[in-house]
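Participant: CSV, C-alpha atoms and all ligand atoms, file final.csv:
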chain,number,residue,atom,x,y,z
A,177,MET,CA,0.0,0.0,0.0
A,178,SER,CA,1.4,3.4,-0.9
A,179,ALA,CA,2.0,5.8,2.0
A,180,ASP,CA,-0.4,8.5,0.7
A,181,LEU,CA,-3.2,5.9,0.6
A,182,GLU,CA,-2.8,5.2,4.3
A,183,PRO,CA,-5.2,8.0,5.6
A,184,VAL,CA,-7.9,6.8,3.1
A,185,VAL,CA,-7.5,3.2,4.5
A,186,ARG,CA,-7.5,4.4,8.1
A,187,GLU,CA,-10.9,6.1,7.6
A,188,GLN,CA,-12.4,2.7,6.8
A,189,GLN,CA,-13.8,1.1,9.9
A,190,ILE,CA,-14.7,-2.2,8.3
A,191,PRO,CA,-12.9,-3.2,5.1
A,192,PRO,CA,-15.2,-2.5,2.1
A,193,VAL,CA,-16.3,-5.5,0.0
A,194,ILE,CA,-17.2,-5.7,-3.7
A,195,THR,CA,-18.9,-8.9,-4.7
A,196,ILE,CA,-18.9,-10.4,-8.2
A,197,ASP,CA,-21.3,-13.3,-8.6
A,198,GLY,CA,-22.4,-15.3,-11.6
A,199,PRO,CA,-22.2,-18.5,-13.6
A,200,SER,CA,-19.2,-20.3,-14.9
A,201,GLY,CA,-17.3,-18.5,-17.6
A,202,SER,CA,-19.1,-15.2,-17.1
A,203,GLY,CA,-15.8,-13.5,-16.4
A,204,LYS,CA,-16.0,-13.1,-12.6
A,205,GLY,CA,-12.4,-14.1,-11.9
A,206,THR,CA,-11.0,-11.9,-14.6
A,207,ILE,CA,-12.9,-8.8,-13.6
A,208,ALA,CA,-12.4,-9.5,-9.9
A,209,HIS,CA,-8.6,-9.6,-10.4
A,210,ARG,CA,-8.5,-6.5,-12.7
A,211,LEU,CA,-10.6,-4.5,-10.3
A,212,ALA,CA,-8.7,-5.6,-7.2
A,213,LEU,CA,-5.4,-4.7,-8.9
A,214,LYS,CA,-6.7,-1.2,-9.7
A,215,LEU,CA,-7.9,-0.6,-6.1
A,216,GLY,CA,-5.1,-2.5,-4.3
A,217,PHE,CA,-7.7,-4.7,-2.7
A,218,HIS,CA,-7.5,-8.4,-1.7
A,219,VAL,CA,-9.2,-11.0,-3.8
A,220,LEU,CA,-11.3,-14.0,-2.7
A,221,ASP,CA,-11.8,-16.6,-5.4
A,222,SER,CA,-14.5,-18.5,-3.4
A,223,GLY,CA,-15.0,-21.1,-6.2
A,224,ALA,CA,-11.3,-22.2,-5.7
A,225,LEU,CA,-12.2,-23.2,-2.1
A,226,TYR,CA,-14.9,-25.5,-3.3
A,227,ARG,CA,-12.6,-26.8,-6.0
A,228,LEU,CA,-9.8,-27.4,-3.5
A,229,LEU,CA,-12.2,-29.3,-1.2
A,230,ALA,CA,-13.5,-31.4,-4.1
A,231,LEU,CA,-9.9,-32.3,-5.1
A,232,ALA,CA,-9.0,-33.1,-1.5
A,233,ALA,CA,-12.0,-35.3,-1.2
A,234,GLN,CA,-11.0,-37.1,-4.4
A,235,GLN,CA,-7.4,-37.6,-3.1
A,236,HIS,CA,-8.7,-38.9,0.4
A,237,GLY,CA,-11.4,-41.1,-1.1
A,238,VAL,CA,-14.3,-39.1,0.4
A,239,GLN,CA,-17.4,-39.4,-1.8
A,240,THR,CA,-19.1,-36.2,-3.0
A,241,ASP,CA,-22.3,-37.1,-1.2
A,242,ASN,CA,-20.6,-37.8,2.2
A,243,GLU,CA,-21.6,-34.6,3.9
A,244,LYS,CA,-20.1,-35.4,7.3
A,245,GLY,CA,-16.8,-36.6,5.8
A,246,LEU,CA,-16.6,-33.4,3.7
A,247,GLU,CA,-17.4,-31.2,6.7
A,248,VAL,CA,-14.4,-32.7,8.5
A,249,LEU,CA,-12.2,-32.4,5.5
A,250,ALA,CA,-13.3,-28.7,5.1
A,251,ALA,CA,-12.5,-27.9,8.7
A,252,TYR,CA,-9.0,-29.3,8.4
A,253,LEU,CA,-8.3,-28.3,4.8
A,254,ASP,CA,-4.7,-27.4,4.5
A,255,VAL,CA,-4.6,-24.7,1.8
A,256,GLN,CA,-2.6,-21.6,1.0
A,257,PHE,CA,-3.3,-18.9,-1.5
A,258,GLU,CA,0.1,-17.6,-2.5
A,259,ASP,CA,1.1,-14.8,-4.8
A,260,ASN,CA,3.1,-15.8,-7.8
A,261,ASN,CA,4.0,-12.6,-9.7
A,262,GLY,CA,0.5,-11.3,-9.5
A,263,GLU,CA,-1.1,-14.7,-10.2
A,264,ALA,CA,-2.7,-16.7,-7.4
A,265,MET,CA,-0.9,-20.0,-6.6
A,266,LEU,CA,-3.0,-22.6,-4.8
A,267,ILE,CA,-1.3,-25.0,-2.5
A,268,LEU,CA,-3.1,-28.1,-1.2
A,269,GLU,CA,-1.3,-30.1,1.5
A,270,GLY,CA,2.0,-28.7,0.3
A,271,GLU,CA,1.4,-29.4,-3.4
A,272,ASP,CA,0.9,-26.8,-6.1
A,273,VAL,CA,-2.6,-27.6,-7.5
A,274,THR,CA,-3.2,-24.3,-9.3
A,275,GLN,CA,-3.8,-26.0,-12.7
A,276,THR,CA,-5.2,-29.3,-11.4
A,277,ILE,CA,-8.3,-27.7,-9.8
A,278,ARG,CA,-9.3,-25.9,-13.1
A,279,THR,CA,-10.5,-29.0,-15.0
A,280,GLU,CA,-14.2,-29.3,-15.7
A,281,GLU,CA,-14.2,-32.6,-13.8
A,282,VAL,CA,-13.1,-30.8,-10.6
A,283,GLY,CA,-15.5,-28.0,-11.3
A,284,ALA,CA,-18.4,-30.4,-11.6
A,285,ALA,CA,-17.4,-32.1,-8.3
A,286,ALA,CA,-17.1,-28.7,-6.7
A,287,SER,CA,-20.6,-27.9,-7.8
A,288,ARG,CA,-21.9,-31.2,-6.3
A,289,ILE,CA,-20.3,-30.7,-2.9
A,290,ALA,CA,-21.3,-27.1,-2.9
A,291,ALA,CA,-25.0,-28.1,-2.7
A,292,LEU,CA,-24.4,-29.6,0.8
A,293,PRO,CA,-25.4,-27.2,3.6
A,294,GLY,CA,-22.7,-28.6,6.0
A,295,VAL,CA,-20.0,-27.9,3.4
A,296,ARG,CA,-21.1,-24.3,2.8
A,297,ALA,CA,-21.2,-23.7,6.6
A,298,ALA,CA,-17.7,-25.2,7.1
A,299,LEU,CA,-16.2,-22.9,4.4
A,300,LEU,CA,-17.9,-19.7,5.6
A,301,GLN,CA,-15.4,-18.6,8.2
A,302,ARG,CA,-12.5,-19.1,5.8
A,303,GLN,CA,-14.2,-16.8,3.3
A,304,HIS,CA,-14.9,-14.1,5.9
A,305,ALA,CA,-11.2,-14.2,6.9
A,306,PHE,CA,-10.3,-12.7,3.5
A,307,ARG,CA,-12.0,-9.4,4.5
A,308,GLU,CA,-9.0,-7.3,5.3
A,309,LEU,CA,-7.9,-3.7,4.8
A,310,PRO,CA,-7.8,-1.9,2.5
A,311,GLY,CA,-10.7,-4.0,1.0
A,312,LEU,CA,-11.8,-7.1,-0.8
A,313,VAL,CA,-13.2,-8.1,-4.2
A,314,ALA,CA,-14.9,-11.5,-3.7
A,315,ASP,CA,-16.1,-13.7,-6.6
A,316,GLY,CA,-18.4,-16.7,-6.5
A,317,ARG,CA,-22.1,-17.6,-6.5
A,318,ASP,CA,-23.4,-16.3,-3.1
A,319,MET,CA,-20.9,-13.6,-2.3
A,320,GLY,CA,-23.6,-10.8,-2.4
A,321,THR,CA,-26.5,-12.9,-1.1
A,322,VAL,CA,-25.0,-14.9,1.8
A,323,VAL,CA,-21.3,-14.4,2.5
A,324,PHE,CA,-21.0,-10.6,2.3
A,325,PRO,CA,-24.6,-9.3,2.3
A,326,ASP,CA,-23.4,-5.9,3.5
A,327,ALA,CA,-21.0,-5.5,0.5
A,328,CYS,CA,-21.0,-1.9,-0.8
A,329,LEU,CA,-21.2,-2.9,-4.4
A,330,LYS,CA,-22.7,-6.1,-5.8
A,331,ILE,CA,-22.3,-7.2,-9.4
A,332,PHE,CA,-24.0,-10.2,-11.0
A,333,LEU,CA,-22.1,-11.0,-14.2
A,334,THR,CA,-23.8,-13.3,-16.7
A,335,ALA,CA,-23.6,-14.3,-20.4
A,336,SER,CA,-25.3,-16.8,-22.6
A,337,ALA,CA,-24.3,-20.5,-22.0
A,338,GLU,CA,-22.8,-20.7,-25.5
A,339,ALA,CA,-20.6,-17.6,-25.1
A,340,ARG,CA,-19.4,-18.9,-21.7
A,341,ALA,CA,-18.7,-22.4,-23.1
A,342,GLU,CA,-16.7,-20.9,-26.0
A,343,ARG,CA,-14.6,-18.8,-23.5
A,344,ARG,CA,-13.9,-21.8,-21.3
A,345,TYR,CA,-13.0,-23.9,-24.3
A,346,LYS,CA,-10.4,-21.3,-25.5
A,347,GLN,CA,-9.1,-20.9,-21.9
A,348,LEU,CA,-8.6,-24.7,-21.4
A,349,LEU,CA,-6.8,-25.0,-24.8
A,350,GLN,CA,-4.5,-22.1,-23.8
A,351,LYS,CA,-3.7,-23.8,-20.6
A,352,GLY,CA,-2.7,-26.9,-22.5
A,353,PHE,CA,-5.7,-29.1,-21.5
A,354,ASP,CA,-7.7,-31.3,-23.9
A,355,ALA,CA,-11.1,-29.7,-24.5
A,356,ASN,CA,-14.3,-30.5,-26.3
A,357,LEU,CA,-16.7,-27.6,-26.9
A,358,ALA,CA,-19.9,-29.6,-26.9
A,359,ALA,CA,-19.0,-31.4,-23.7
A,360,ILE,CA,-18.1,-28.1,-22.0
A,361,LEU,CA,-21.5,-26.6,-23.0
A,362,GLU,CA,-23.2,-29.6,-21.5
A,363,ASP,CA,-21.2,-29.3,-18.3
A,364,ILE,CA,-21.9,-25.6,-18.1
A,365,ARG,CA,-25.6,-26.2,-18.4
A,366,ALA,CA,-25.6,-29.0,-15.8
A,367,ARG,CA,-23.6,-26.8,-13.4
A,368,ASP,CA,-25.9,-23.8,-14.0
A,369,LEU,CA,-28.9,-25.9,-13.2
A,370,ARG,CA,-27.3,-27.5,-10.0
A,371,ASP,CA,-26.0,-24.1,-8.8
A,372,THR,CA,-29.3,-22.3,-9.3
A,373,GLN,CA,-31.6,-25.1,-8.1
A,374,ARG,CA,-29.9,-26.1,-4.8
A,375,ALA,CA,-31.8,-25.4,-1.6
A,376,VAL,CA,-29.0,-23.5,0.2
A,377,ALA,CA,-27.4,-20.3,-1.1
A,378,PRO,CA,-28.5,-20.8,-4.7
A,379,MET,CA,-26.8,-18.8,-7.4
A,380,LYS,CA,-28.9,-15.7,-8.0
A,381,PRO,CA,-28.4,-11.9,-8.1
A,382,ALA,CA,-28.8,-10.2,-4.7
A,383,ALA,CA,-31.8,-7.9,-4.6
A,384,ASP,CA,-29.4,-4.9,-4.6
A,385,ALA,CA,-27.0,-6.3,-7.3
A,386,ILE,CA,-26.3,-4.7,-10.6
A,387,VAL,CA,-26.8,-7.3,-13.3
A,388,LEU,CA,-24.4,-7.1,-16.3
A,389,ASP,CA,-24.8,-9.3,-19.4
A,390,SER,CA,-21.3,-9.7,-21.0
A,391,THR,CA,-22.4,-11.9,-24.0
A,392,ALA,CA,-21.7,-9.1,-26.4
A,393,LEU,CA,-19.1,-7.2,-24.3
A,394,GLY,CA,-15.3,-7.6,-24.2
A,395,ILE,CA,-13.4,-7.8,-21.0
A,396,GLU,CA,-12.4,-4.0,-21.2
A,397,ALA,CA,-16.0,-3.0,-21.7
A,398,VAL,CA,-17.2,-5.0,-18.7
A,399,LEU,CA,-14.4,-3.7,-16.5
A,400,GLN,CA,-15.3,-0.1,-17.5
A,401,ALA,CA,-19.0,-0.7,-16.6
A,402,VAL,CA,-18.0,-2.1,-13.2
A,403,ILE,CA,-15.6,0.8,-12.6
A,404,ALA,CA,-18.4,3.2,-13.5
A,405,SER,CA,-20.6,1.6,-10.8
A,406,ALA,CA,-17.7,1.6,-8.3
A,407,CYS,CA,-17.1,5.3,-8.9
A,408,LYS,CA,-20.8,6.0,-7.9
A,409,THR,CA,-20.4,3.9,-4.6
A,410,PRO,CA,-20.0,6.3,-1.7
A,411,SER,CA,-17.7,4.1,0.4
A,412,LEU,CA,-15.4,3.6,-2.5
A,413,ARG,CA,-15.2,7.2,-3.6
A,414,ALA,CA,-12.1,8.0,-1.5
A,415,PHE,CA,-10.2,5.2,-3.3
A,416,TRP,CA,-11.1,6.5,-6.8
A,417,ASP,CA,-10.4,10.1,-5.8
A,418,HIS,CA,-7.0,8.9,-4.7
A,419,LEU,CA,-6.4,7.0,-7.9
A,420,GLY,CA,-7.5,9.9,-10.0
A,421,SER,CA,-5.2,12.4,-8.2
B,501,LIG,N1,-16.3,-10.3,-21.5
B,501,LIG,C1,-15.5,-11.3,-22.0
B,501,LIG,N2,-15.4,-11.5,-23.3
B,501,LIG,C2,-14.6,-12.5,-23.8
B,501,LIG,N3,-13.9,-13.3,-23.0
B,501,LIG,C3,-14.0,-13.2,-21.7
B,501,LIG,C4,-14.8,-12.2,-21.1
B,501,LIG,N4,-14.7,-12.2,-19.8
B,501,LIG,C5,-13.9,-13.3,-19.5
B,501,LIG,N5,-13.4,-13.8,-20.6
B,501,LIG,C6,-12.5,-15.0,-20.8
B,501,LIG,O1,-13.3,-16.1,-20.5
B,501,LIG,C7,-12.5,-17.0,-19.7
B,501,LIG,C8,-13.3,-17.3,-18.4
B,501,LIG,O2,-13.2,-16.2,-17.6
B,501,LIG,P1,-13.2,-16.3,-16.0
B,501,LIG,O3,-12.9,-14.9,-15.5
B,501,LIG,O4,-12.3,-17.4,-15.6
B,501,LIG,O5,-14.7,-16.7,-15.7
B,501,LIG,P2,-15.4,-17.1,-14.4
B,501,LIG,O6,-14.5,-16.8,-13.2
B,501,LIG,O7,-16.7,-16.4,-14.3
B,501,LIG,O8,-15.6,-18.6,-14.5
B,501,LIG,C9,-11.2,-16.4,-19.5
B,501,LIG,O9,-10.3,-17.0,-20.5
B,501,LIG,C10,-11.4,-15.0,-19.8
B,501,LIG,O10,-10.2,-14.3,-20.3
B,502,LIG,N1,-19.4,-19.0,-3.8
B,502,LIG,C1,-19.4,-20.1,-4.5
B,502,LIG,C2,-18.4,-20.4,-5.4
B,502,LIG,C3,-18.4,-21.6,-6.1
B,502,LIG,N2,-19.4,-22.5,-5.9
B,502,LIG,C4,-19.5,-23.8,-6.5
B,502,LIG,C5,-20.4,-23.9,-7.7
B,502,LIG,C6,-19.5,-23.9,-8.8
B,502,LIG,O1,-20.1,-24.6,-9.9
B,502,LIG,C7,-18.2,-24.5,-8.3
B,502,LIG,C8,-16.9,-24.0,-8.9
B,502,LIG,O2,-16.9,-22.6,-8.8
B,502,LIG,P1,-15.9,-21.7,-9.7
B,502,LIG,O3,-16.3,-20.2,-9.4
B,502,LIG,O4,-14.5,-22.1,-9.5
B,502,LIG,O5,-16.3,-22.1,-11.2
B,502,LIG,P2,-16.2,-21.2,-12.5
B,502,LIG,O6,-14.8,-20.7,-12.5
B,502,LIG,O7,-17.2,-20.2,-12.5
B,502,LIG,O8,-16.4,-22.3,-13.5
B,502,LIG,O9,-18.2,-24.2,-6.9
B,502,LIG,C9,-20.4,-22.2,-5.0
B,502,LIG,O10,-21.4,-23.0,-4.8
B,502,LIG,N3,-20.4,-21.0,-4.3
How does the structure come out when it is put into structure tokens?
Facilitator:
Amino acid sequence: MSADLEPVVREQQIPPVITIDGPSGSGKGTIAHRLALKLGFHVLDSGALYRLLALAAQQHGVQTDNEKGLEVLAAYLDVQFEDNNGEAMLILEGEDVTQTIRTEEVGAAASRIAALPGVRAALLQRQHAFRELPGLVADGRDMGTVVFPDACLKIFLTASAEARAERRYKQLLQKGFDANLAAILEDIRARDLRDTQRAVAPMKPAADAIVLDSTALGIEAVLQAVIASACKTPSLRAFWDHLGS
């Protein structure tokens, strides 16, 4: 944090939170990182926690419907989020799993375990712990509705399933994974359905969220729209004034 930003930060009693929720491939992670970088805020990739737990369950032979077993695993989950030249590096039980957790298989398992109330409750405290000064940008499915209902700015980012599948397909190829567009589209639709239909903390825009459809918008255009909303948010004004000066 730069020295001249310190008075701005000191004025904040509770670290401000910006939430970015939405379905797979809507661009939440990308926008959350870009925005956090601009503001100097921390980032919570809450989906990564569900993915890490899903991978840990696979490695320890805990089935995705074993709620009690998953709760215990979540309570003792040994994970670190480290910074690797501006990129998050995810360590599970001492092993770098940054790439391993990004497969559609782990994403689908994460979505299944995320429907279990005990799992969500067990991960809640870990998510709250990311709320530190100067502030937090949190991305996921229930950041604005359940985890940070008092967030000062809530964005719900969406796009058509086809556009999201295409983005994910390109992203997986870029990362060197094998990918099949039709299979990804099917996975995305199944995940959307599971994430919106579950009884606890279903994916939906918070009543006070700004809904942004990025089907026809590039990353820069989405970022500018989010920044425009952030500039109008009173508790964030001091940060933007500082950046503009
Ligand atoms: N508005 C957009 N237009 C085109 N591609 C995008 C857009 N937003 C994100 N992407 C790309 O789509 C892929 C998925 O984005 P990501 O931020 O990981 O989505 P999410 O976190 O919602 O699953 C990434 O490769 C990203 O660069
Ligand atoms: N806050 C969250 C974040 C993720 N989840 C669940 C539901 C999602 O399908 C999986 C994986 O989430 P993740 O954000 O990593 O997935 P995408 O990057 O959007 O494909 O975890 C959740 O239930 N609540």
Participant: With all atoms listed in the file counted, collect every polymer residue having an atom within 7 Å of ligand LIG 501 (chain B); state the result as a PyMOL selection string.
Facilitator: chain A and resi 198-207+340+343-344+346-347+390-391+393-395+398
Participant: Which residues are near ligand LIG 502 (chain B) - at most 6 Å, using all atoms listed in the file? Format: as a short mmCIF file (atom, residue, chain, number, x, y, z; two decimals) with C-alpha atoms, in the frame of the given file.
Facilitator:
data_model
loop_
_atom_site.label_atom_id
_atom_site.label_comp_id
_atom_site.auth_asym_id
_atom_site.auth_seq_id
_atom_site.Cartn_x
_atom_site.Cartn_y
_atom_site.Cartn_z
CA PRO A 199 -22.20 -18.50 -13.60
CA SER A 200 -19.20 -20.30 -14.90
CA GLY A 201 -17.30 -18.50 -17.60
CA SER A 222 -14.50 -18.50 -3.40
CA GLY A 223 -15.00 -21.10 -6.20
CA ALA A 224 -11.30 -22.20 -5.70
CA TYR A 226 -14.90 -25.50 -3.30
CA ARG A 227 -12.60 -26.80 -6.00
CA GLY A 283 -15.50 -28.00 -11.30
CA ALA A 286 -17.10 -28.70 -6.70
CA SER A 287 -20.60 -27.90 -7.80
CA ALA A 290 -21.30 -27.10 -2.90
CA GLY A 316 -18.40 -16.70 -6.50
CA ARG A 317 -22.10 -17.60 -6.50
CA ASP A 318 -23.40 -16.30 -3.10
CA MET A 319 -20.90 -13.60 -2.30
CA ARG A 367 -23.60 -26.80 -13.40
CA ASP A 371 -26.00 -24.10 -8.80
#
Participant: Of the residues A:Cys328, A:Leu229, A:Leu357, A:Gly352, which is the one nearest to Ala406 (chain A), using only C-alpha atoms?
Facilitator: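 Among the listed residues, the smallest separation from Ala406 (chain A) belongs to A:Cys328.
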Participant: Give me the residues within 12 Å of Val273 (chain A) as a list of chain:residue names, counting only C-alpha atoms and dropping any in the same chain fewer than 6 places off.
Facilitator: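 With the cut-off at 12 Å, the set is A:Ala224, A:Leu225, A:Arg227, A:Leu228, A:Leu229, A:Leu231, A:Ala232, A:Gln235, A:Val255, A:Gln256, A:Phe257, A:Glu258, A:Ala264, A:Met265, A:Leu266, A:Ile267, A:Thr279, A:Val282.
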Participant: So, with all atoms listed in the file as the atoms that count, which of A:Ala377, A:Ala251, A:Cys407, A:Ile289 lies closest to Thr321 (chain A)?
Facilitator: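 The closest residue to Thr321 (chain A) is A:Ala377.
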Participant: Take CA of Asp417 (chain A) and CA of Ala382 (chain A) and report the distance between them in Å, one decimal.
Facilitator: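 Atom-to-atom, CA of Asp417 (chain A) and CA of Ala382 (chain A) are spaced 27.4 Å apart.
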Participant: So how far away is CA of His304 (chain A) from CA of Ala208 (chain A), in Å?
Facilitator: 16.6 Å
Participant: Please provide the set of residues having any atom within 8 Å of Val313 (chain A), restricted to only C-alpha atoms, with same-chain residues fewer than 4 positions apart removed, written as a ChimeraX atom specification.
Facilitator: /A:193-196,208-209,211-212,217-220
Participant: Output C-alpha atoms for every residue in that selection, as a compact mmCIF listing (two decimals), keeping the file's coordinate frame.
Facilitator:
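This is the output file again.txt:
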# COMPACT_ATOMS: atom_id res chain seq x y z
CA VAL A 193 -16.30 -5.50 0.00
CA ILE A 194 -17.20 -5.70 -3.70
CA THR A 195 -18.90 -8.90 -4.70
CA ILE A 196 -18.90 -10.40 -8.20
CA ALA A 208 -12.40 -9.50 -9.90
CA HIS A 209 -8.60 -9.60 -10.40
CA LEU A 211 -10.60 -4.50 -10.30
CA ALA A 212 -8.70 -5.60 -7.20
CA PHE A 217 -7.70 -4.70 -2.70
CA HIS A 218 -7.50 -8.40 -1.70
CA VAL A 219 -9.20 -11.00 -3.80
CA LEU A 220 -11.30 -14.00 -2.70
Participant: For a test of reading the model, state the distance in Å between CA of Ala284 (chain A) and CA of Leu399 (chain A), rounded to one decimal.
Facilitator: 27.4 Å
Participant: Taking all atoms listed in the file into account, which of A:Ala291, A:Ala335, A:Leu329, A:Leu309 comes nearest Arg374 (chain A)?
Facilitator: A:Ala291
Participant: If you count all atoms listed in the file, which residues fall within 12 Å of Asn242 (chain A), apart from same-chain ones fewer than 4 positions away, as a VMD selection string?
Facilitator: chain A and resid 230 233 to 234 237 to 238 246 to 249 288 to 295
Participant: Limited to C-alpha atoms, could you put the picked residues into a file as a PDB file, keeping the file's coordinate frame?
Facilitator:
ATOM      1  CA  ALA A 230     -13.500 -31.400  -4.100  1.00  0.00           C
ATOM      2  CA  ALA A 233     -12.000 -35.300  -1.200  1.00  0.00           C
ATOM      3  CA  GLN A 234     -11.000 -37.100  -4.400  1.00  0.00           C
ATOM      4  CA  GLY A 237     -11.400 -41.100  -1.100  1.00  0.00           C
ATOM      5  CA  VAL A 238     -14.300 -39.100   0.400  1.00  0.00           C
ATOM      6  CA  LEU A 246     -16.600 -33.400   3.700  1.00  0.00           C
ATOM      7  CA  GLU A 247     -17.400 -31.200   6.700  1.00  0.00           C
ATOM      8  CA  VAL A 248     -14.400 -32.700   8.500  1.00  0.00           C
ATOM      9  CA  LEU A 249     -12.200 -32.400   5.500  1.00  0.00           C
ATOM     10  CA  ARG A 288     -21.900 -31.200  -6.300  1.00  0.00           C
ATOM     11  CA  ILE A 289     -20.300 -30.700  -2.900  1.00  0.00           C
ATOM     12  CA  ALA A 290     -21.300 -27.100  -2.900  1.00  0.00           C
ATOM     13  CA  ALA A 291     -25.000 -28.100  -2.700  1.00  0.00           C
ATOM     14  CA  LEU A 292     -24.400 -29.600   0.800  1.00  0.00           C
ATOM     15  CA  PRO A 293     -25.400 -27.200   3.600  1.00  0.00           C
ATOM     16  CA  GLY A 294     -22.700 -28.600   6.000  1.00  0.00           C
ATOM     17  CA  VAL A 295     -20.000 -27.900   3.400  1.00  0.00           C
TER      18      VAL A 295
END
Participant: Considering only C-alpha atoms, state which residue in the set A:Lys244, A:Glu269, A:Pro192, A:Leu312 is at the smallest distance from Arg413 (chain A).
Facilitator: A:Pro192
Participant: Neighbouring residues of Ala359 (chain A) were defined as those with any atom within 12 Å, considering only C-alpha atoms; residues of the same chain fewer than 6 positions away were excluded. Please report them as a PDB file with C-alpha atoms, in the frame of the given file.
Facilitator:
ATOM      1  CA  GLU A 280     -14.200 -29.300 -15.700  1.00  0.00           C
ATOM      2  CA  GLU A 281     -14.200 -32.600 -13.800  1.00  0.00           C
ATOM      3  CA  GLU A 338     -22.800 -20.700 -25.500  1.00  0.00           C
ATOM      4  CA  ALA A 341     -18.700 -22.400 -23.100  1.00  0.00           C
ATOM      5  CA  GLU A 342     -16.700 -20.900 -26.000  1.00  0.00           C
ATOM      6  CA  ARG A 344     -13.900 -21.800 -21.300  1.00  0.00           C
ATOM      7  CA  TYR A 345     -13.000 -23.900 -24.300  1.00  0.00           C
ATOM      8  CA  ARG A 365     -25.600 -26.200 -18.400  1.00  0.00           C
ATOM      9  CA  ALA A 366     -25.600 -29.000 -15.800  1.00  0.00           C
TER      10      ALA A 366
END
Participant: Using C-alpha atoms, give me region 299-321 of chain A from the structure I just pasted, as a compact mmCIF listing (two decimals), in the first residue's frame.
Facilitator:
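So decode.txt came out as:
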# COMPACT_ATOMS: atom_id res chain seq x y z
CA LEU A 299 -16.22 -22.89 4.45
CA LEU A 300 -17.95 -19.69 5.60
CA GLN A 301 -15.39 -18.60 8.20
CA ARG A 302 -12.49 -19.10 5.78
CA GLN A 303 -14.22 -16.78 3.31
CA HIS A 304 -14.90 -14.08 5.93
CA ALA A 305 -11.20 -14.16 6.88
CA PHE A 306 -10.32 -12.68 3.47
CA ARG A 307 -12.01 -9.41 4.46
CA GLU A 308 -9.00 -7.32 5.34
CA LEU A 309 -7.95 -3.71 4.83
CA PRO A 310 -7.83 -1.94 2.48
CA GLY A 311 -10.73 -3.97 1.02
CA LEU A 312 -11.82 -7.11 -0.80
CA VAL A 313 -13.17 -8.13 -4.18
CA ALA A 314 -14.94 -11.48 -3.74
CA ASP A 315 -16.13 -13.67 -6.63
CA GLY A 316 -18.44 -16.67 -6.54
CA ARG A 317 -22.11 -17.60 -6.52
CA ASP A 318 -23.39 -16.33 -3.14
CA MET A 319 -20.95 -13.55 -2.26
CA GLY A 320 -23.61 -10.81 -2.42
CA THR A 321 -26.50 -12.88 -1.06
